[in-house]
2 protein chains.
Amino acid sequence: MARPRTFDTESAVAASIDVFRRRGYRGTSIRDLSTHLGLSLSSMYRAYGDKHGLFLRALDHYRHTESTQGCELFLESEATVDGLCRSLAAMVLAEEDPDDPAGCFAINTAAELGRTDASVVERTEAAFGLTRAGLRDVAQRLHENGTLRPDCEVDAFVDTLFTLILGWRLRVRSGHDPAAIRASIVAAVIPWSAQAT
Amino acid sequence: MARPRTFDTESAVAASIDVFRRRGYRGTSIRDLSTHLGLSLSSMYRAYGDKHGLFLRALDHYRHTESTQGCELFLESEATVDGLCRSLAAMVLAEEDPDDPAGCFAINTAAELGRTDASVVERTEAAFGLTRAGLRDVAQRLHENGTLRPDCEVDAFVDTLFTLILGWRLRVRSGHDPAAIRASIVAAVIPWSAQAT
DNA sequence: TTGATTCGGGATCGATCGTTCCCTAATCGG
DNA sequence: CCGATTAGGGAACGATCGATCCCGAATCAA
């Protein structure tokens, strides 16, 4: 009833991610968001409650979109060393501005807020879980088709790749050369391959 | 001449690191620092200029102490798989409060500020360089004494370990189980070992 | 001791923070 | 068309931000 909203709440949440992930939670002011989203303060408070509420919505949206796409990237990855490396590079280097790399929203948030906010930790860990789930799928397929060295454990490979992804995305965020990251990916995977020369 | 300072500027810088690394640059207020360091605002401004100046001093101090000790940890590391894993665990899990893990000051800062501040990037990269230098030393020794698989390149191993360290320290910061991190370290190194079963 | 100088504590500055409130415009059901 | 209700713009709130200033206390050289 009464006057309807003139903006889409979910797409505004999506837009807020671009601000939060670059400037961080504390580094982003409500007025920053107002400017970038083109919304007034009252509209935002009416729609999301407060800054913390919008931030949680942003983390949820990120998990439902980018984190989920990252998971699917591995689910659909070709079960070869090259295929895995391509998926890893696609996730880590995805559409970053070289002058102002945003990195991963979940990772940046985990680094900024640590364990201080339980509702935030819950969401970043859920995003991490999606990445691990995708990795487990492709790792299992690589193990079964003999691409991986037969003696190595799949869980160990998954855990190593997950940890490496955190590192690579942090390196991207720090401005490290994408070509170097790409080379780093290949170099890190090769020792797990059965055909390592 | 005149009245001398009643506090040691360098040890106050050291104390500021504990605050900055947990709360971040933007999450730490001058009054937070005043409380934790036991100094008045005027004392801090007189000694360090401004908040940014103190932050750079803190980054410099961190590099000269913890980053350098991290480097030496690898320089003095026994040239075995176990020795390397012990050094990695010592660096990554060093004296963290399980309830409020601080993580690595340089890594947290890189994640928070990205490439927005050149004087900060310069310092975090210098800290990273120390870690890589230590890793290169122990990796070279492991390569020469045949602990590593003869076909793998030392540079690739160093790059992988460096990236893994970023990931492990971020996982510690996120509150991941230290036992799991310890297991992750061993699992990640084994495939590079010549005696991998 | 004296005069110059710097220290430390605290009040205070303007700016900005997250948030609330008020008021008008717009859209609903009837 | 009309009364109810909500959206949106913007002023304003108290709190806190980084930073400055003032002043009495302390320590120097002479």
# chains A, B, ... in the order shown; residues from 1 in each chain; ligands from 1
>>> interface_residues(of="chain A", to="chain C", cutoff="10 Å", atoms="only C-alpha atoms (C1' of nucleotides)", output="list in words")
Met1, Ala2, Arg3, Pro4, Ser29, Ile30, Arg31, Leu41, Ser42, Tyr45, Asp50 and Lys51 of chain A
>>> write_last_selection(atoms="C-alpha atoms", output="mmCIF file, in the first residue's frame")
data_model
loop_
_atom_site.group_PDB
_atom_site.id
_atom_site.type_symbol
_atom_site.label_atom_id
_atom_site.label_comp_id
_atom_site.auth_asym_id
_atom_site.auth_seq_id
_atom_site.Cartn_x
_atom_site.Cartn_y
_atom_site.Cartn_z
ATOM 1 C CA MET A 1 0.000 0.000 0.000
ATOM 2 C CA ALA A 2 0.898 3.648 -0.365
ATOM 3 C CA ARG A 3 3.849 4.966 -2.274
ATOM 4 C CA PRO A 4 6.153 2.274 -3.621
ATOM 5 C CA SER A 29 30.542 6.072 5.584
ATOM 6 C CA ILE A 30 26.798 6.133 5.145
ATOM 7 C CA ARG A 31 27.249 9.261 3.046
ATOM 8 C CA LEU A 41 20.022 8.622 3.944
ATOM 9 C CA SER A 42 16.424 8.092 4.942
ATOM 10 C CA TYR A 45 17.808 3.522 6.741
ATOM 11 C CA ASP A 50 21.343 0.638 9.754
ATOM 12 C CA LYS A 51 24.868 0.454 8.359
#
>>> residues_around(residues="segment 98-104 of chain B", least_positions_apart="4", cutoff="9 Å", atoms="only C-alpha atoms (C1' of nucleotides)", output="ChimeraX atom specification")
/A:111,114-116 /B:18,21-23,92-93,108-109,166,169-175,177-178
>>> write_last_selection(atoms="N, CA and C atoms", output="mmCIF file, in the first residue's frame")
data_model
loop_
_atom_site.group_PDB
_atom_site.id
_atom_site.type_symbol
_atom_site.label_atom_id
_atom_site.label_comp_id
_atom_site.auth_asym_id
_atom_site.auth_seq_id
_atom_site.Cartn_x
_atom_site.Cartn_y
_atom_site.Cartn_z
ATOM 1 N N ALA A 111 39.870 -10.024 7.179
ATOM 2 C CA ALA A 111 41.114 -9.404 7.628
ATOM 3 C C ALA A 111 40.828 -8.160 8.455
ATOM 4 N N GLY A 114 38.377 -9.481 11.726
ATOM 5 C CA GLY A 114 38.809 -10.621 12.537
ATOM 6 C C GLY A 114 37.632 -11.385 13.096
ATOM 7 N N ARG A 115 37.653 -11.619 14.409
ATOM 8 C CA ARG A 115 36.561 -12.361 15.035
ATOM 9 C C ARG A 115 35.694 -11.460 15.894
ATOM 10 N N THR A 116 35.768 -10.164 15.664
ATOM 11 C CA THR A 116 35.082 -9.229 16.560
ATOM 12 C C THR A 116 33.570 -9.259 16.395
ATOM 13 N N ASP B 18 50.155 -3.365 18.556
ATOM 14 C CA ASP B 18 49.134 -4.276 19.071
ATOM 15 C C ASP B 18 47.727 -3.734 18.852
ATOM 16 N N ARG B 21 47.109 -3.482 14.637
ATOM 17 C CA ARG B 21 46.977 -4.734 13.890
ATOM 18 C C ARG B 21 45.649 -5.411 14.175
ATOM 19 N N ARG B 22 45.081 -5.131 15.338
ATOM 20 C CA ARG B 22 43.790 -5.747 15.667
ATOM 21 C C ARG B 22 42.618 -4.937 15.144
ATOM 22 N N ARG B 23 42.688 -3.629 15.277
ATOM 23 C CA ARG B 23 41.543 -2.785 14.919
ATOM 24 C C ARG B 23 41.692 -2.149 13.542
ATOM 25 N N VAL B 92 53.483 -18.478 11.705
ATOM 26 C CA VAL B 92 52.063 -18.274 11.462
ATOM 27 C C VAL B 92 51.249 -18.282 12.754
ATOM 28 N N LEU B 93 51.641 -19.142 13.687
ATOM 29 C CA LEU B 93 50.837 -19.313 14.898
ATOM 30 C C LEU B 93 51.423 -18.595 16.105
ATOM 31 N N ASN B 108 47.277 -7.586 7.365
ATOM 32 C CA ASN B 108 46.024 -6.912 7.695
ATOM 33 C C ASN B 108 45.978 -5.520 7.072
ATOM 34 N N THR B 109 47.116 -4.841 7.132
ATOM 35 C CA THR B 109 47.179 -3.495 6.568
ATOM 36 C C THR B 109 47.012 -3.517 5.058
ATOM 37 N N LEU B 166 50.548 -15.998 3.504
ATOM 38 C CA LEU B 166 49.490 -14.980 3.514
ATOM 39 C C LEU B 166 48.156 -15.631 3.870
ATOM 40 N N ARG B 169 48.039 -16.961 7.611
ATOM 41 C CA ARG B 169 47.930 -15.890 8.599
ATOM 42 C C ARG B 169 46.547 -15.250 8.555
ATOM 43 N N LEU B 170 45.955 -15.229 7.384
ATOM 44 C CA LEU B 170 44.592 -14.716 7.295
ATOM 45 C C LEU B 170 43.613 -15.695 7.943
ATOM 46 N N ARG B 171 43.899 -16.973 7.824
ATOM 47 C CA ARG B 171 43.040 -17.966 8.464
ATOM 48 C C ARG B 171 43.162 -17.874 9.983
ATOM 49 N N VAL B 172 44.367 -17.647 10.461
ATOM 50 C CA VAL B 172 44.549 -17.456 11.909
ATOM 51 C C VAL B 172 43.765 -16.229 12.367
ATOM 52 N N ARG B 173 43.885 -15.178 11.607
ATOM 53 C CA ARG B 173 43.153 -13.940 11.915
ATOM 54 C C ARG B 173 41.644 -14.185 11.944
ATOM 55 N N SER B 174 41.169 -15.096 11.093
ATOM 56 C CA SER B 174 39.743 -15.409 11.027
ATOM 57 C C SER B 174 39.301 -16.360 12.118
ATOM 58 N N GLY B 175 40.266 -16.868 12.892
ATOM 59 C CA GLY B 175 39.897 -17.738 13.999
ATOM 60 C C GLY B 175 39.919 -19.225 13.683
ATOM 61 N N ASP B 177 41.089 -23.034 13.460
ATOM 62 C CA ASP B 177 41.724 -23.866 14.482
ATOM 63 C C ASP B 177 43.228 -24.000 14.236
ATOM 64 N N PRO B 178 44.042 -23.648 15.232
ATOM 65 C CA PRO B 178 45.502 -23.763 15.085
ATOM 66 C C PRO B 178 45.945 -25.170 14.700
#
>>> residues_around(residues="Ala47 of chain A", least_positions_apart="4", cutoff="12 Å", atoms="only C-alpha atoms (C1' of nucleotides)", output="PDB file with N, CA and C atoms (P, O5', C5', C4', C3', O3' and C1' of nucleotides), in the first residue's frame")
ATOM      1  N   PRO A   4       5.148   3.340  -3.506  1.00  0.00           N
ATOM      2  CA  PRO A   4       6.153   2.274  -3.621  1.00  0.00           C
ATOM      3  C   PRO A   4       7.559   2.822  -3.760  1.00  0.00           C
ATOM      4  N   ARG A   5       8.502   1.994  -3.439  1.00  0.00           N
ATOM      5  CA  ARG A   5       9.922   2.314  -3.535  1.00  0.00           C
ATOM      6  C   ARG A   5      10.319   2.541  -5.003  1.00  0.00           C
ATOM      7  N   THR A   6      11.195   3.523  -5.245  1.00  0.00           N
ATOM      8  CA  THR A   6      11.597   3.793  -6.634  1.00  0.00           C
ATOM      9  C   THR A   6      12.936   3.158  -6.988  1.00  0.00           C
ATOM     10  N   PHE A   7      13.525   2.401  -6.060  1.00  0.00           N
ATOM     11  CA  PHE A   7      14.788   1.716  -6.373  1.00  0.00           C
ATOM     12  C   PHE A   7      14.662   0.254  -5.968  1.00  0.00           C
ATOM     13  N   ASP A   8      15.498  -0.573  -6.549  1.00  0.00           N
ATOM     14  CA  ASP A   8      15.492  -1.999  -6.226  1.00  0.00           C
ATOM     15  C   ASP A   8      16.452  -2.250  -5.072  1.00  0.00           C
ATOM     16  N   THR A   9      15.922  -2.747  -3.966  1.00  0.00           N
ATOM     17  CA  THR A   9      16.744  -2.908  -2.766  1.00  0.00           C
ATOM     18  C   THR A   9      17.904  -3.868  -3.001  1.00  0.00           C
ATOM     19  N   GLU A  10      17.673  -4.913  -3.782  1.00  0.00           N
ATOM     20  CA  GLU A  10      18.728  -5.915  -3.955  1.00  0.00           C
ATOM     21  C   GLU A  10      19.859  -5.411  -4.838  1.00  0.00           C
ATOM     22  N   ALA A  12      20.691  -2.315  -5.104  1.00  0.00           N
ATOM     23  CA  ALA A  12      21.413  -1.323  -4.302  1.00  0.00           C
ATOM     24  C   ALA A  12      22.394  -2.019  -3.363  1.00  0.00           C
ATOM     25  N   VAL A  13      21.981  -3.152  -2.817  1.00  0.00           N
ATOM     26  CA  VAL A  13      22.892  -3.956  -1.997  1.00  0.00           C
ATOM     27  C   VAL A  13      24.096  -4.380  -2.821  1.00  0.00           C
ATOM     28  N   LEU A  39      21.146   7.144  -3.336  1.00  0.00           N
ATOM     29  CA  LEU A  39      19.994   7.083  -2.429  1.00  0.00           C
ATOM     30  C   LEU A  39      20.171   8.070  -1.292  1.00  0.00           C
ATOM     31  N   SER A  40      19.064   8.559  -0.786  1.00  0.00           N
ATOM     32  CA  SER A  40      19.150   9.445   0.367  1.00  0.00           C
ATOM     33  C   SER A  40      19.353   8.624   1.629  1.00  0.00           C
ATOM     34  N   LEU A  41      19.770   9.312   2.685  1.00  0.00           N
ATOM     35  CA  LEU A  41      20.022   8.622   3.944  1.00  0.00           C
ATOM     36  C   LEU A  41      18.753   7.949   4.458  1.00  0.00           C
ATOM     37  N   SER A  42      17.660   8.664   4.391  1.00  0.00           N
ATOM     38  CA  SER A  42      16.424   8.092   4.942  1.00  0.00           C
ATOM     39  C   SER A  42      15.982   6.865   4.158  1.00  0.00           C
ATOM     40  N   SER A  43      16.190   6.880   2.840  1.00  0.00           N
ATOM     41  CA  SER A  43      15.826   5.711   2.040  1.00  0.00           C
ATOM     42  C   SER A  43      16.631   4.491   2.459  1.00  0.00           C
ATOM     43  N   LYS A  51      23.673   0.765   9.151  1.00  0.00           N
ATOM     44  CA  LYS A  51      24.868   0.454   8.359  1.00  0.00           C
ATOM     45  C   LYS A  51      25.240  -1.021   8.487  1.00  0.00           C
ATOM     46  N   GLY A  53      23.325  -3.508   9.203  1.00  0.00           N
ATOM     47  CA  GLY A  53      22.341  -4.322   8.487  1.00  0.00           C
ATOM     48  C   GLY A  53      22.613  -4.366   6.989  1.00  0.00           C
ATOM     49  N   LEU A  54      22.938  -3.220   6.430  1.00  0.00           N
ATOM     50  CA  LEU A  54      23.264  -3.187   5.003  1.00  0.00           C
ATOM     51  C   LEU A  54      24.524  -3.988   4.725  1.00  0.00           C
ATOM     52  N   ARG A  57      23.658  -7.579   4.632  1.00  0.00           N
ATOM     53  CA  ARG A  57      22.962  -7.829   3.376  1.00  0.00           C
ATOM     54  C   ARG A  57      23.974  -7.925   2.231  1.00  0.00           C
TER      55      ARG A  57
ATOM     56  P    DT D   6       2.666   2.207   6.356  1.00  0.00           P
ATOM     57  O5'  DT D   6       3.817   2.522   5.282  1.00  0.00           O
ATOM     58  C5'  DT D   6       3.639   2.095   3.941  1.00  0.00           C
ATOM     59  C4'  DT D   6       4.406   2.999   3.006  1.00  0.00           C
ATOM     60  C3'  DT D   6       5.884   3.213   3.385  1.00  0.00           C
ATOM     61  O3'  DT D   6       6.690   2.868   2.274  1.00  0.00           O
ATOM     62  C1'  DT D   6       4.851   5.258   2.836  1.00  0.00           C
ATOM     63  P    DA D   7       8.258   2.809   2.383  1.00  0.00           P
ATOM     64  O5'  DA D   7       8.660   3.910   1.313  1.00  0.00           O
ATOM     65  C5'  DA D   7       8.163   3.796  -0.015  1.00  0.00           C
ATOM     66  C4'  DA D   7       8.652   4.956  -0.861  1.00  0.00           C
ATOM     67  C3'  DA D   7      10.148   5.239  -0.740  1.00  0.00           C
ATOM     68  O3'  DA D   7      10.685   5.534  -2.026  1.00  0.00           O
ATOM     69  C1'  DA D   7       8.899   7.144   0.024  1.00  0.00           C
ATOM     70  P    DG D   8      12.235   5.647  -2.201  1.00  0.00           P
ATOM     71  O5'  DG D   8      12.505   7.199  -2.027  1.00  0.00           O
ATOM     72  C5'  DG D   8      11.853   8.124  -2.882  1.00  0.00           C
ATOM     73  C4'  DG D   8      12.179   9.548  -2.469  1.00  0.00           C
ATOM     74  C3'  DG D   8      13.670   9.785  -2.182  1.00  0.00           C
ATOM     75  O3'  DG D   8      14.073  10.949  -2.892  1.00  0.00           O
ATOM     76  C1'  DG D   8      12.352  10.527  -0.360  1.00  0.00           C
TER      77       DG D   8
END
>>> select_by_dssp(residues="segment 16-152 of chain A", states="alpha helix (DSSP H)", output="NGL selection string")
:A and (16-27 or 30-37 or 41-48 or 51-62 or 68-75 or 81-93 or 105-113 or 118-144)
